[in-house]
Amino acid sequence: MSTTRRTFLTSTLAAGFFTPALIRPASAQTTSITVASLLGEDKPETRIWRHIAERVESRMPGRFRFNIVANGALGGEKEVAEATRLGAVQASLSTVSSLSGWVPELQVLDLPFLYRDAAHMARVVNGEVGADLQAKLEAQNFVATGFIDYGARHLLAKEPILRPQDMAGRKIRVIQSPLHTKLWSGFGAVPVGIPITETYNALSTGVADAMDLTKSAYAGFKLYEVVPVMMLTGHIRASGVVYFAGSFWNGLSPEEQQVLKEASKEGATAFDALIVADEEKSVATALSHGGQVLDVPDIAAWRQGARGVWEAFAPTVGGQARIDAVEAI
């Protein structure tokens, strides 16, 4: 794929396609859906869209054509989200962290050490909390058709960091989210907001010393080459959404919307299964390239240091009562 974000957006906007992508002549038989994916064809982030496209084609032959642009060619999550709001991109995936600038309440899904495992997270997003967050996303022109689980986020660094106090003074790349900034500054680190597509260079040149990420994305971006040590902190369950541009969605018929919803939910289920398998493969890849994977001896100390994030963000995510309710689910 030779498409770049700049050339794609420039040509799309110049052609006047960014708003009326959905206003097609009645005689048109096929609607093009440009999808942005951060990773390559072999990763779950792209494979989910192949899965969705196949399901849609089987139910509505010839109605949609999925133009899947992989390898972050259209930018990082926030850049893609902004392009989606303009209508230049019609669909993508995103961590909830990257969409929290538009919907701050999403940060309830990012609270550190709140979620016990994938099943706990699934119960939350498939219930009342998830429905409320989907409504808030739609109000911001993101139509979330399914929740996905990227796996747990772990600490990555150039050398072992086993105790919270060892974070003091280290520059850590963070998602451009207030919650992530608060988490790491609470440990005495210096958070630096950097798009994921620029992280490798930032780590290799010393702009950042550490970061946190899921196992799958760690190998997907070959970050074991610049931060070879993974500490299994599992501090945040990295949830995300499959979403479509509101401007695109509103131009579809109810039947088309239903087919895309159903295909997205099936794709999300497939994605979660792919992630589990890909995590094992990713860890093996990192180890084969000289990486290390270390257990953290005192995880309770990390949990204790992160509790201040719950208190700080309780007013934003719906109050302490909502956090307590989520913890009990």
# chains A, B, ... in the order shown; residues from 1 in each chain; ligands from 1
call {"tool": "closest_atom_pairs", "arguments": {"of": "segment 155-254 of chain A", "to": "segment 295-319 of chain A", "cutoff": "8 Å", "atoms": "only C-alpha atoms", "output": "CSV"}}
result
residue,atom,partner,partner_atom,distance
A:Leu162,CA,A:Val296,CA,5.6
A:Arg163,CA,A:Asp298,CA,7.4
A:Pro164,CA,A:Trp302,CA,5.9
A:Leu179,CA,A:Val309,CA,7.1
A:Lys182,CA,A:Val309,CA,6.6
A:Leu183,CA,A:Val309,CA,6.2
A:Gly186,CA,A:Gly305,CA,7.1
A:Phe187,CA,A:Gly305,CA,6.8
A:Met231,CA,A:Asp295,CA,5.9
A:Leu232,CA,A:Asp295,CA,5.2
A:Thr233,CA,A:Val296,CA,6.4
A:His235,CA,A:Arg303,CA,7.8
call {"tool": "write_last_selection", "arguments": {"atoms": "all heavy atoms", "output": "tab-separated table (two decimals), in the first residue's frame"}}
result
chain	number	residue	atom	x	y	z
A	162	LEU	N	11.37	-2.56	38.11
A	162	LEU	CA	10.54	-3.49	38.86
A	162	LEU	C	9.77	-2.85	40.00
A	162	LEU	O	8.78	-3.39	40.48
A	162	LEU	CB	11.40	-4.65	39.40
A	162	LEU	CG	12.12	-5.46	38.31
A	162	LEU	CD1	12.97	-6.56	38.95
A	162	LEU	CD2	11.13	-6.07	37.32
A	163	ARG	N	10.22	-1.67	40.45
A	163	ARG	CA	9.57	-0.99	41.57
A	163	ARG	C	9.00	0.36	41.10
A	163	ARG	O	9.63	1.03	40.28
A	163	ARG	CB	10.56	-0.76	42.71
A	163	ARG	CG	11.22	-2.03	43.23
A	163	ARG	CD	12.21	-1.69	44.33
A	163	ARG	NE	13.22	-0.73	43.85
A	163	ARG	CZ	14.03	-0.04	44.66
A	163	ARG	NH1	13.94	-0.19	45.97
A	163	ARG	NH2	14.90	0.81	44.15
A	164	PRO	N	7.86	0.77	41.62
A	164	PRO	CA	7.27	2.05	41.21
A	164	PRO	C	8.23	3.23	41.36
A	164	PRO	O	8.27	4.12	40.50
A	164	PRO	CB	6.06	2.19	42.12
A	164	PRO	CG	5.70	0.80	42.52
A	164	PRO	CD	7.01	0.06	42.60
A	179	LEU	N	-5.74	10.84	31.58
A	179	LEU	CA	-5.66	9.74	32.54
A	179	LEU	C	-4.28	9.08	32.50
A	179	LEU	O	-3.68	8.81	33.55
A	179	LEU	CB	-6.75	8.71	32.26
A	179	LEU	CG	-6.86	7.55	33.26
A	179	LEU	CD1	-8.31	7.09	33.39
A	179	LEU	CD2	-5.99	6.36	32.85
A	182	LYS	N	-1.75	11.36	34.10
A	182	LYS	CA	-1.90	11.35	35.56
A	182	LYS	C	-1.30	10.08	36.16
A	182	LYS	O	-0.63	10.14	37.21
A	182	LYS	CB	-3.38	11.45	35.91
A	182	LYS	CG	-3.71	11.28	37.39
A	182	LYS	CD	-3.23	12.45	38.22
A	182	LYS	CE	-3.68	12.30	39.67
A	182	LYS	NZ	-3.15	13.41	40.52
A	183	LEU	N	-1.53	8.95	35.53
A	183	LEU	CA	-1.03	7.68	36.04
A	183	LEU	C	0.49	7.72	36.20
A	183	LEU	O	1.02	7.41	37.27
A	183	LEU	CB	-1.43	6.54	35.11
A	183	LEU	CG	-0.80	5.16	35.39
A	183	LEU	CD1	-1.22	4.66	36.76
A	183	LEU	CD2	-1.18	4.17	34.30
A	186	GLY	N	2.10	10.33	38.52
A	186	GLY	CA	1.93	9.92	39.91
A	186	GLY	C	3.07	9.04	40.41
A	186	GLY	O	3.33	8.97	41.62
A	187	PHE	N	3.76	8.38	39.50
A	187	PHE	CA	4.92	7.58	39.86
A	187	PHE	C	6.23	8.37	39.74
A	187	PHE	O	7.32	7.81	39.88
A	187	PHE	CB	5.01	6.34	38.95
A	187	PHE	CG	3.96	5.30	39.23
A	187	PHE	CD1	3.07	4.91	38.23
A	187	PHE	CD2	3.84	4.72	40.48
A	187	PHE	CE1	2.10	3.94	38.47
A	187	PHE	CE2	2.87	3.75	40.74
A	187	PHE	CZ	1.99	3.37	39.73
A	231	MET	N	7.84	-5.43	31.40
A	231	MET	CA	7.44	-5.76	32.76
A	231	MET	C	5.95	-6.06	32.78
A	231	MET	O	5.14	-5.22	32.35
A	231	MET	CB	7.74	-4.59	33.71
A	231	MET	CG	9.18	-4.50	34.19
A	231	MET	SD	10.46	-4.21	32.92
A	231	MET	CE	10.02	-2.63	32.22
A	232	LEU	N	5.55	-7.22	33.28
A	232	LEU	CA	4.16	-7.63	33.21
A	232	LEU	C	3.31	-6.98	34.31
A	232	LEU	O	2.86	-7.63	35.25
A	232	LEU	CB	4.07	-9.16	33.29
A	232	LEU	CG	4.75	-9.90	32.13
A	232	LEU	CD1	4.67	-11.41	32.34
A	232	LEU	CD2	4.10	-9.52	30.79
A	233	THR	N	3.09	-5.68	34.14
A	233	THR	CA	2.28	-4.94	35.10
A	233	THR	C	0.78	-5.11	34.85
A	233	THR	O	-0.01	-5.07	35.79
A	233	THR	CB	2.63	-3.44	35.03
A	233	THR	OG1	2.59	-3.03	33.66
A	233	THR	CG2	4.02	-3.18	35.60
A	235	HIS	N	-1.47	-3.17	33.92
A	235	HIS	CA	-2.11	-2.12	34.70
A	235	HIS	C	-3.42	-1.60	34.10
A	235	HIS	O	-4.32	-1.19	34.83
A	235	HIS	CB	-1.16	-0.95	34.92
A	235	HIS	CG	-0.45	-0.50	33.70
A	235	HIS	ND1	0.66	-1.16	33.20
A	235	HIS	CD2	-0.69	0.53	32.84
A	235	HIS	CE1	1.08	-0.54	32.10
A	235	HIS	NE2	0.27	0.48	31.85
call {"tool": "residues_around", "arguments": {"residues": "segment 273-281 of chain A", "least_positions_apart": "6", "cutoff": "12 Å", "atoms": "only C-alpha atoms", "output": "PDB file with all heavy atoms, in the first residue's frame"}}
result
ATOM      1  N   ASP A  42      -1.087  -8.939   8.638  1.00  0.00           N
ATOM      2  CA  ASP A  42      -1.046 -10.131   9.476  1.00  0.00           C
ATOM      3  C   ASP A  42      -1.557  -9.897  10.887  1.00  0.00           C
ATOM      4  O   ASP A  42      -1.692 -10.835  11.672  1.00  0.00           O
ATOM      5  CB  ASP A  42       0.393 -10.661   9.556  1.00  0.00           C
ATOM      6  CG  ASP A  42       1.335  -9.654  10.214  1.00  0.00           C
ATOM      7  OD1 ASP A  42       1.161  -8.434   9.991  1.00  0.00           O
ATOM      8  OD2 ASP A  42       2.255 -10.092  10.938  1.00  0.00           O
ATOM      9  N   LYS A  43      -1.861  -8.650  11.238  1.00  0.00           N
ATOM     10  CA  LYS A  43      -2.251  -8.325  12.611  1.00  0.00           C
ATOM     11  C   LYS A  43      -3.775  -8.241  12.743  1.00  0.00           C
ATOM     12  O   LYS A  43      -4.494  -7.931  11.786  1.00  0.00           O
ATOM     13  CB  LYS A  43      -1.625  -6.998  13.035  1.00  0.00           C
ATOM     14  CG  LYS A  43      -0.111  -6.985  12.960  1.00  0.00           C
ATOM     15  CD  LYS A  43       0.529  -7.999  13.884  1.00  0.00           C
ATOM     16  CE  LYS A  43       0.543  -7.549  15.319  1.00  0.00           C
ATOM     17  NZ  LYS A  43       1.278  -8.483  16.194  1.00  0.00           N
ATOM     18  N   PRO A  44      -4.284  -8.507  13.947  1.00  0.00           N
ATOM     19  CA  PRO A  44      -5.738  -8.473  14.174  1.00  0.00           C
ATOM     20  C   PRO A  44      -6.386  -7.149  13.785  1.00  0.00           C
ATOM     21  O   PRO A  44      -7.543  -7.122  13.348  1.00  0.00           O
ATOM     22  CB  PRO A  44      -5.859  -8.724  15.689  1.00  0.00           C
ATOM     23  CG  PRO A  44      -4.655  -9.537  16.024  1.00  0.00           C
ATOM     24  CD  PRO A  44      -3.560  -8.993  15.152  1.00  0.00           C
ATOM     25  N   GLU A  45      -5.652  -6.035  13.927  1.00  0.00           N
ATOM     26  CA  GLU A  45      -6.208  -4.723  13.614  1.00  0.00           C
ATOM     27  C   GLU A  45      -6.630  -4.584  12.155  1.00  0.00           C
ATOM     28  O   GLU A  45      -7.520  -3.776  11.837  1.00  0.00           O
ATOM     29  CB  GLU A  45      -5.190  -3.620  13.965  1.00  0.00           C
ATOM     30  CG  GLU A  45      -5.020  -3.369  15.435  1.00  0.00           C
ATOM     31  CD  GLU A  45      -4.129  -4.377  16.137  1.00  0.00           C
ATOM     32  OE1 GLU A  45      -3.660  -5.364  15.499  1.00  0.00           O
ATOM     33  OE2 GLU A  45      -3.887  -4.205  17.349  1.00  0.00           O
ATOM     34  N   THR A  46      -5.979  -5.331  11.265  1.00  0.00           N
ATOM     35  CA  THR A  46      -6.362  -5.319   9.853  1.00  0.00           C
ATOM     36  C   THR A  46      -7.233  -6.520   9.509  1.00  0.00           C
ATOM     37  O   THR A  46      -8.196  -6.408   8.737  1.00  0.00           O
ATOM     38  CB  THR A  46      -5.110  -5.297   8.960  1.00  0.00           C
ATOM     39  OG1 THR A  46      -4.351  -4.113   9.261  1.00  0.00           O
ATOM     40  CG2 THR A  46      -5.489  -5.274   7.486  1.00  0.00           C
ATOM     41  N   ARG A  47      -6.923  -7.653  10.102  1.00  0.00           N
ATOM     42  CA  ARG A  47      -7.684  -8.873   9.804  1.00  0.00           C
ATOM     43  C   ARG A  47      -9.156  -8.740  10.186  1.00  0.00           C
ATOM     44  O   ARG A  47     -10.029  -9.307   9.529  1.00  0.00           O
ATOM     45  CB  ARG A  47      -7.055 -10.067  10.526  1.00  0.00           C
ATOM     46  CG  ARG A  47      -5.686 -10.443   9.974  1.00  0.00           C
ATOM     47  CD  ARG A  47      -5.023 -11.539  10.764  1.00  0.00           C
ATOM     48  NE  ARG A  47      -5.749 -12.809  10.649  1.00  0.00           N
ATOM     49  CZ  ARG A  47      -5.420 -13.896  11.344  1.00  0.00           C
ATOM     50  NH1 ARG A  47      -4.409 -13.866  12.195  1.00  0.00           N
ATOM     51  NH2 ARG A  47      -6.123 -15.005  11.190  1.00  0.00           N
ATOM     52  N   ILE A  48      -9.455  -7.967  11.219  1.00  0.00           N
ATOM     53  CA  ILE A  48     -10.858  -7.767  11.605  1.00  0.00           C
ATOM     54  C   ILE A  48     -11.650  -7.138  10.458  1.00  0.00           C
ATOM     55  O   ILE A  48     -12.799  -7.498  10.201  1.00  0.00           O
ATOM     56  CB  ILE A  48     -10.981  -6.904  12.887  1.00  0.00           C
ATOM     57  CG1 ILE A  48     -12.463  -6.734  13.269  1.00  0.00           C
ATOM     58  CG2 ILE A  48     -10.322  -5.541  12.718  1.00  0.00           C
ATOM     59  CD1 ILE A  48     -12.678  -5.955  14.557  1.00  0.00           C
ATOM     60  N   HIS A  51     -12.452  -9.569   7.811  1.00  0.00           N
ATOM     61  CA  HIS A  51     -13.553 -10.399   8.314  1.00  0.00           C
ATOM     62  C   HIS A  51     -14.889  -9.669   8.130  1.00  0.00           C
ATOM     63  O   HIS A  51     -15.863 -10.249   7.625  1.00  0.00           O
ATOM     64  CB  HIS A  51     -13.314 -10.697   9.803  1.00  0.00           C
ATOM     65  CG  HIS A  51     -14.313 -11.619  10.410  1.00  0.00           C
ATOM     66  ND1 HIS A  51     -14.087 -12.962  10.598  1.00  0.00           N
ATOM     67  CD2 HIS A  51     -15.572 -11.393  10.883  1.00  0.00           C
ATOM     68  CE1 HIS A  51     -15.150 -13.520  11.155  1.00  0.00           C
ATOM     69  NE2 HIS A  51     -16.057 -12.589  11.343  1.00  0.00           N
ATOM     70  N   ALA A 118     -10.301 -10.198  30.959  1.00  0.00           N
ATOM     71  CA  ALA A 118     -11.073  -9.887  29.757  1.00  0.00           C
ATOM     72  C   ALA A 118     -12.564 -10.106  29.961  1.00  0.00           C
ATOM     73  O   ALA A 118     -13.388  -9.346  29.438  1.00  0.00           O
ATOM     74  CB  ALA A 118     -10.567 -10.745  28.592  1.00  0.00           C
ATOM     75  N   ILE A 148     -13.955  -3.901  21.456  1.00  0.00           N
ATOM     76  CA  ILE A 148     -12.895  -4.882  21.279  1.00  0.00           C
ATOM     77  C   ILE A 148     -11.926  -4.815  22.455  1.00  0.00           C
ATOM     78  O   ILE A 148     -11.873  -3.817  23.171  1.00  0.00           O
ATOM     79  CB  ILE A 148     -12.130  -4.664  19.957  1.00  0.00           C
ATOM     80  CG1 ILE A 148     -11.655  -3.206  19.838  1.00  0.00           C
ATOM     81  CG2 ILE A 148     -12.989  -5.054  18.767  1.00  0.00           C
ATOM     82  CD1 ILE A 148     -10.851  -2.912  18.588  1.00  0.00           C
ATOM     83  N   ASP A 149     -11.161  -5.877  22.640  1.00  0.00           N
ATOM     84  CA  ASP A 149     -10.205  -5.970  23.748  1.00  0.00           C
ATOM     85  C   ASP A 149      -8.812  -6.206  23.173  1.00  0.00           C
ATOM     86  O   ASP A 149      -8.533  -7.256  22.600  1.00  0.00           O
ATOM     87  CB  ASP A 149     -10.614  -7.122  24.672  1.00  0.00           C
ATOM     88  CG  ASP A 149      -9.780  -7.174  25.951  1.00  0.00           C
ATOM     89  OD1 ASP A 149      -8.685  -6.577  25.971  1.00  0.00           O
ATOM     90  OD2 ASP A 149     -10.217  -7.822  26.919  1.00  0.00           O
ATOM     91  N   TYR A 150      -7.948  -5.201  23.305  1.00  0.00           N
ATOM     92  CA  TYR A 150      -6.592  -5.304  22.792  1.00  0.00           C
ATOM     93  C   TYR A 150      -5.667  -6.089  23.723  1.00  0.00           C
ATOM     94  O   TYR A 150      -4.519  -6.336  23.387  1.00  0.00           O
ATOM     95  CB  TYR A 150      -5.981  -3.916  22.612  1.00  0.00           C
ATOM     96  CG  TYR A 150      -6.541  -3.078  21.489  1.00  0.00           C
ATOM     97  CD1 TYR A 150      -7.582  -2.185  21.705  1.00  0.00           C
ATOM     98  CD2 TYR A 150      -5.985  -3.131  20.214  1.00  0.00           C
ATOM     99  CE1 TYR A 150      -8.076  -1.382  20.678  1.00  0.00           C
ATOM    100  CE2 TYR A 150      -6.462  -2.338  19.189  1.00  0.00           C
ATOM    101  CZ  TYR A 150      -7.509  -1.473  19.426  1.00  0.00           C
ATOM    102  OH  TYR A 150      -7.991  -0.672  18.409  1.00  0.00           O
ATOM    103  N   GLY A 151      -6.136  -6.447  24.905  1.00  0.00           N
ATOM    104  CA  GLY A 151      -5.284  -7.085  25.903  1.00  0.00           C
ATOM    105  C   GLY A 151      -4.804  -6.077  26.925  1.00  0.00           C
ATOM    106  O   GLY A 151      -5.102  -4.886  26.848  1.00  0.00           O
ATOM    107  N   ALA A 152      -4.050  -6.547  27.900  1.00  0.00           N
ATOM    108  CA  ALA A 152      -3.566  -5.667  28.962  1.00  0.00           C
ATOM    109  C   ALA A 152      -2.349  -4.872  28.497  1.00  0.00           C
ATOM    110  O   ALA A 152      -1.547  -5.342  27.683  1.00  0.00           O
ATOM    111  CB  ALA A 152      -3.208  -6.487  30.193  1.00  0.00           C
ATOM    112  N   ARG A 153      -2.210  -3.678  29.027  1.00  0.00           N
ATOM    113  CA  ARG A 153      -1.034  -2.844  28.770  1.00  0.00           C
ATOM    114  C   ARG A 153       0.033  -3.176  29.814  1.00  0.00           C
ATOM    115  O   ARG A 153      -0.265  -3.334  30.998  1.00  0.00           O
ATOM    116  CB  ARG A 153      -1.381  -1.356  28.840  1.00  0.00           C
ATOM    117  CG  ARG A 153      -2.417  -0.925  27.825  1.00  0.00           C
ATOM    118  CD  ARG A 153      -2.698   0.569  27.913  1.00  0.00           C
ATOM    119  NE  ARG A 153      -1.616   1.338  27.339  1.00  0.00           N
ATOM    120  CZ  ARG A 153      -1.551   1.710  26.045  1.00  0.00           C
ATOM    121  NH1 ARG A 153      -2.525   1.372  25.211  1.00  0.00           N
ATOM    122  NH2 ARG A 153      -0.546   2.411  25.596  1.00  0.00           N
ATOM    123  N   LEU A 213       2.286  -0.611  26.587  1.00  0.00           N
ATOM    124  CA  LEU A 213       1.596  -1.067  25.382  1.00  0.00           C
ATOM    125  C   LEU A 213       1.165  -2.512  25.581  1.00  0.00           C
ATOM    126  O   LEU A 213       1.645  -3.197  26.483  1.00  0.00           O
ATOM    127  CB  LEU A 213       2.531  -0.958  24.174  1.00  0.00           C
ATOM    128  CG  LEU A 213       1.881  -0.920  22.787  1.00  0.00           C
ATOM    129  CD1 LEU A 213       0.972   0.294  22.634  1.00  0.00           C
ATOM    130  CD2 LEU A 213       2.954  -0.902  21.696  1.00  0.00           C
ATOM    131  N   THR A 214       0.275  -2.964  24.709  1.00  0.00           N
ATOM    132  CA  THR A 214      -0.128  -4.364  24.739  1.00  0.00           C
ATOM    133  C   THR A 214       0.954  -5.235  24.097  1.00  0.00           C
ATOM    134  O   THR A 214       1.780  -4.754  23.314  1.00  0.00           O
ATOM    135  CB  THR A 214      -1.435  -4.569  23.971  1.00  0.00           C
ATOM    136  OG1 THR A 214      -1.237  -4.208  22.593  1.00  0.00           O
ATOM    137  CG2 THR A 214      -2.559  -3.732  24.560  1.00  0.00           C
ATOM    138  N   LYS A 215       0.908  -6.522  24.391  1.00  0.00           N
ATOM    139  CA  LYS A 215       1.892  -7.450  23.829  1.00  0.00           C
ATOM    140  C   LYS A 215       1.810  -7.496  22.307  1.00  0.00           C
ATOM    141  O   LYS A 215       2.829  -7.532  21.614  1.00  0.00           O
ATOM    142  CB  LYS A 215       1.663  -8.846  24.402  1.00  0.00           C
ATOM    143  CG  LYS A 215       1.940  -8.970  25.887  1.00  0.00           C
ATOM    144  CD  LYS A 215       1.569 -10.365  26.385  1.00  0.00           C
ATOM    145  CE  LYS A 215       1.807 -10.504  27.874  1.00  0.00           C
ATOM    146  NZ  LYS A 215       1.378 -11.847  28.366  1.00  0.00           N
ATOM    147  N   SER A 216       0.598  -7.513  21.788  1.00  0.00           N
ATOM    148  CA  SER A 216       0.416  -7.626  20.348  1.00  0.00           C
ATOM    149  C   SER A 216       1.020  -6.436  19.609  1.00  0.00           C
ATOM    150  O   SER A 216       1.763  -6.594  18.635  1.00  0.00           O
ATOM    151  CB  SER A 216      -1.073  -7.756  20.012  1.00  0.00           C
ATOM    152  OG  SER A 216      -1.277  -7.867  18.621  1.00  0.00           O
ATOM    153  N   ALA A 217       0.705  -5.227  20.061  1.00  0.00           N
ATOM    154  CA  ALA A 217       1.228  -4.032  19.397  1.00  0.00           C
ATOM    155  C   ALA A 217       2.726  -3.883  19.618  1.00  0.00           C
ATOM    156  O   ALA A 217       3.438  -3.334  18.768  1.00  0.00           O
ATOM    157  CB  ALA A 217       0.492  -2.796  19.901  1.00  0.00           C
ATOM    158  N   TYR A 218       3.231  -4.372  20.730  1.00  0.00           N
ATOM    159  CA  TYR A 218       4.672  -4.333  21.016  1.00  0.00           C
ATOM    160  C   TYR A 218       5.462  -4.979  19.881  1.00  0.00           C
ATOM    161  O   TYR A 218       6.422  -4.409  19.357  1.00  0.00           O
ATOM    162  CB  TYR A 218       4.915  -5.068  22.327  1.00  0.00           C
ATOM    163  CG  TYR A 218       6.356  -5.143  22.795  1.00  0.00           C
ATOM    164  CD1 TYR A 218       7.171  -4.016  22.857  1.00  0.00           C
ATOM    165  CD2 TYR A 218       6.889  -6.360  23.236  1.00  0.00           C
ATOM    166  CE1 TYR A 218       8.475  -4.091  23.317  1.00  0.00           C
ATOM    167  CE2 TYR A 218       8.194  -6.449  23.702  1.00  0.00           C
ATOM    168  CZ  TYR A 218       8.978  -5.315  23.746  1.00  0.00           C
ATOM    169  OH  TYR A 218      10.273  -5.397  24.206  1.00  0.00           O
ATOM    170  N   ALA A 219       5.020  -6.160  19.479  1.00  0.00           N
ATOM    171  CA  ALA A 219       5.703  -6.834  18.370  1.00  0.00           C
ATOM    172  C   ALA A 219       5.309  -6.233  17.030  1.00  0.00           C
ATOM    173  O   ALA A 219       6.133  -6.147  16.109  1.00  0.00           O
ATOM    174  CB  ALA A 219       5.375  -8.323  18.383  1.00  0.00           C
ATOM    175  N   GLY A 220       4.054  -5.795  16.908  1.00  0.00           N
ATOM    176  CA  GLY A 220       3.584  -5.235  15.644  1.00  0.00           C
ATOM    177  C   GLY A 220       4.387  -4.033  15.196  1.00  0.00           C
ATOM    178  O   GLY A 220       4.638  -3.836  13.998  1.00  0.00           O
ATOM    179  N   ALA A 238      -6.695  -2.659  27.833  1.00  0.00           N
ATOM    180  CA  ALA A 238      -6.820  -1.768  26.672  1.00  0.00           C
ATOM    181  C   ALA A 238      -8.055  -2.117  25.850  1.00  0.00           C
ATOM    182  O   ALA A 238      -8.011  -2.951  24.959  1.00  0.00           O
ATOM    183  CB  ALA A 238      -5.575  -1.848  25.805  1.00  0.00           C
ATOM    184  N   SER A 239      -9.151  -1.482  26.168  1.00  0.00           N
ATOM    185  CA  SER A 239     -10.373  -1.711  25.395  1.00  0.00           C
ATOM    186  C   SER A 239     -10.445  -0.716  24.244  1.00  0.00           C
ATOM    187  O   SER A 239      -9.774   0.312  24.240  1.00  0.00           O
ATOM    188  CB  SER A 239     -11.606  -1.569  26.286  1.00  0.00           C
ATOM    189  OG  SER A 239     -11.673  -0.274  26.826  1.00  0.00           O
ATOM    190  N   GLU A 266     -19.620  -9.467  14.926  1.00  0.00           N
ATOM    191  CA  GLU A 266     -18.946 -10.729  14.613  1.00  0.00           C
ATOM    192  C   GLU A 266     -17.441 -10.507  14.478  1.00  0.00           C
ATOM    193  O   GLU A 266     -16.628 -11.315  14.933  1.00  0.00           O
ATOM    194  CB  GLU A 266     -19.517 -11.319  13.328  1.00  0.00           C
ATOM    195  CG  GLU A 266     -20.965 -11.780  13.452  1.00  0.00           C
ATOM    196  CD  GLU A 266     -21.549 -12.207  12.114  1.00  0.00           C
ATOM    197  OE1 GLU A 266     -20.780 -12.336  11.143  1.00  0.00           O
ATOM    198  OE2 GLU A 266     -22.779 -12.411  12.054  1.00  0.00           O
ATOM    199  N   GLY A 267     -17.085  -9.398  13.848  1.00  0.00           N
ATOM    200  CA  GLY A 267     -15.672  -9.071  13.699  1.00  0.00           C
ATOM    201  C   GLY A 267     -15.005  -8.825  15.040  1.00  0.00           C
ATOM    202  O   GLY A 267     -13.852  -9.228  15.247  1.00  0.00           O
ATOM    203  N   LEU A 287      11.072 -12.272  22.314  1.00  0.00           N
ATOM    204  CA  LEU A 287      12.123 -13.067  22.959  1.00  0.00           C
ATOM    205  C   LEU A 287      13.173 -13.525  21.953  1.00  0.00           C
ATOM    206  O   LEU A 287      14.376 -13.545  22.247  1.00  0.00           O
ATOM    207  CB  LEU A 287      11.504 -14.276  23.664  1.00  0.00           C
ATOM    208  CG  LEU A 287      10.622 -13.969  24.884  1.00  0.00           C
ATOM    209  CD1 LEU A 287       9.959 -15.241  25.392  1.00  0.00           C
ATOM    210  CD2 LEU A 287      11.443 -13.318  25.995  1.00  0.00           C
ATOM    211  N   SER A 288      12.736 -13.878  20.760  1.00  0.00           N
ATOM    212  CA  SER A 288      13.673 -14.351  19.741  1.00  0.00           C
ATOM    213  C   SER A 288      14.575 -13.235  19.224  1.00  0.00           C
ATOM    214  O   SER A 288      15.613 -13.505  18.610  1.00  0.00           O
ATOM    215  CB  SER A 288      12.902 -14.973  18.564  1.00  0.00           C
ATOM    216  OG  SER A 288      12.227 -13.976  17.815  1.00  0.00           O
TER     217      SER A 288
END
call {"tool": "select_by_dssp", "arguments": {"residues": "segment 1-146 of chain A", "states": "strand (DSSP E or B)", "output": "VMD selection string"}}
result
chain A and resid 31 to 36 64 to 69 91 to 95 142 to 146
call {"tool": "write_last_selection", "arguments": {"atoms": "N, CA and C atoms", "output": "tab-separated table (two decimals), in the first residue's frame"}}
result
chain	number	residue	atom	x	y	z
A	31	THR	N	-20.96	1.41	-2.55
A	31	THR	CA	-20.47	2.48	-1.70
A	31	THR	C	-19.09	2.11	-1.20
A	32	SER	N	-18.14	3.01	-1.37
A	32	SER	CA	-16.77	2.77	-0.92
A	32	SER	C	-16.61	3.17	0.55
A	33	ILE	N	-15.97	2.30	1.32
A	33	ILE	CA	-15.70	2.58	2.73
A	33	ILE	C	-14.19	2.57	2.92
A	34	THR	N	-13.59	3.73	3.16
A	34	THR	CA	-12.16	3.79	3.43
A	34	THR	C	-11.94	3.53	4.92
A	35	VAL	N	-11.14	2.50	5.19
A	35	VAL	CA	-10.87	2.06	6.56
A	35	VAL	C	-9.40	2.27	6.88
A	36	ALA	N	-9.10	2.90	8.00
A	36	ALA	CA	-7.72	3.11	8.43
A	36	ALA	C	-7.34	2.05	9.46
A	64	PHE	N	-21.07	-2.72	-0.87
A	64	PHE	CA	-19.98	-1.95	-0.29
A	64	PHE	C	-18.63	-2.46	-0.80
A	65	ARG	N	-17.68	-1.53	-0.93
A	65	ARG	CA	-16.30	-1.90	-1.23
A	65	ARG	C	-15.42	-1.33	-0.13
A	66	PHE	N	-14.72	-2.20	0.59
A	66	PHE	CA	-13.86	-1.78	1.69
A	66	PHE	C	-12.45	-1.51	1.17
A	67	ASN	N	-12.03	-0.25	1.30
A	67	ASN	CA	-10.67	0.16	0.94
A	67	ASN	C	-9.87	0.23	2.24
A	68	ILE	N	-9.18	-0.85	2.58
A	68	ILE	CA	-8.50	-0.96	3.86
A	68	ILE	C	-7.05	-0.49	3.72
A	69	VAL	N	-6.72	0.62	4.35
A	69	VAL	CA	-5.39	1.23	4.27
A	69	VAL	C	-4.64	0.87	5.54
A	91	ALA	N	-14.21	4.58	8.47
A	91	ALA	CA	-14.24	3.60	9.55
A	91	ALA	C	-12.84	3.30	10.05
A	92	SER	N	-12.77	2.85	11.31
A	92	SER	CA	-11.49	2.46	11.88
A	92	SER	C	-11.73	1.76	13.22
A	93	LEU	N	-10.64	1.42	13.87
A	93	LEU	CA	-10.65	0.98	15.26
A	93	LEU	C	-9.95	2.04	16.08
A	94	SER	N	-10.25	2.08	17.37
A	94	SER	CA	-9.51	2.98	18.25
A	94	SER	C	-9.55	2.46	19.67
A	95	THR	N	-8.47	2.66	20.40
A	95	THR	CA	-8.53	2.47	21.84
A	95	THR	C	-9.45	3.55	22.39
A	142	PHE	N	-19.04	9.54	16.27
A	142	PHE	CA	-18.40	8.23	16.19
A	142	PHE	C	-19.47	7.18	16.48
A	143	VAL	N	-19.83	6.40	15.48
A	143	VAL	CA	-20.84	5.36	15.68
A	143	VAL	C	-20.10	4.06	16.01
A	144	ALA	N	-20.09	3.73	17.30
A	144	ALA	CA	-19.38	2.54	17.77
A	144	ALA	C	-20.28	1.32	17.60
A	145	THR	N	-19.88	0.42	16.73
A	145	THR	CA	-20.70	-0.75	16.44
A	145	THR	C	-20.24	-2.00	17.18
A	146	GLY	N	-19.16	-1.90	17.93
A	146	GLY	CA	-18.69	-3.03	18.71
A	146	GLY	C	-17.51	-2.65	19.58
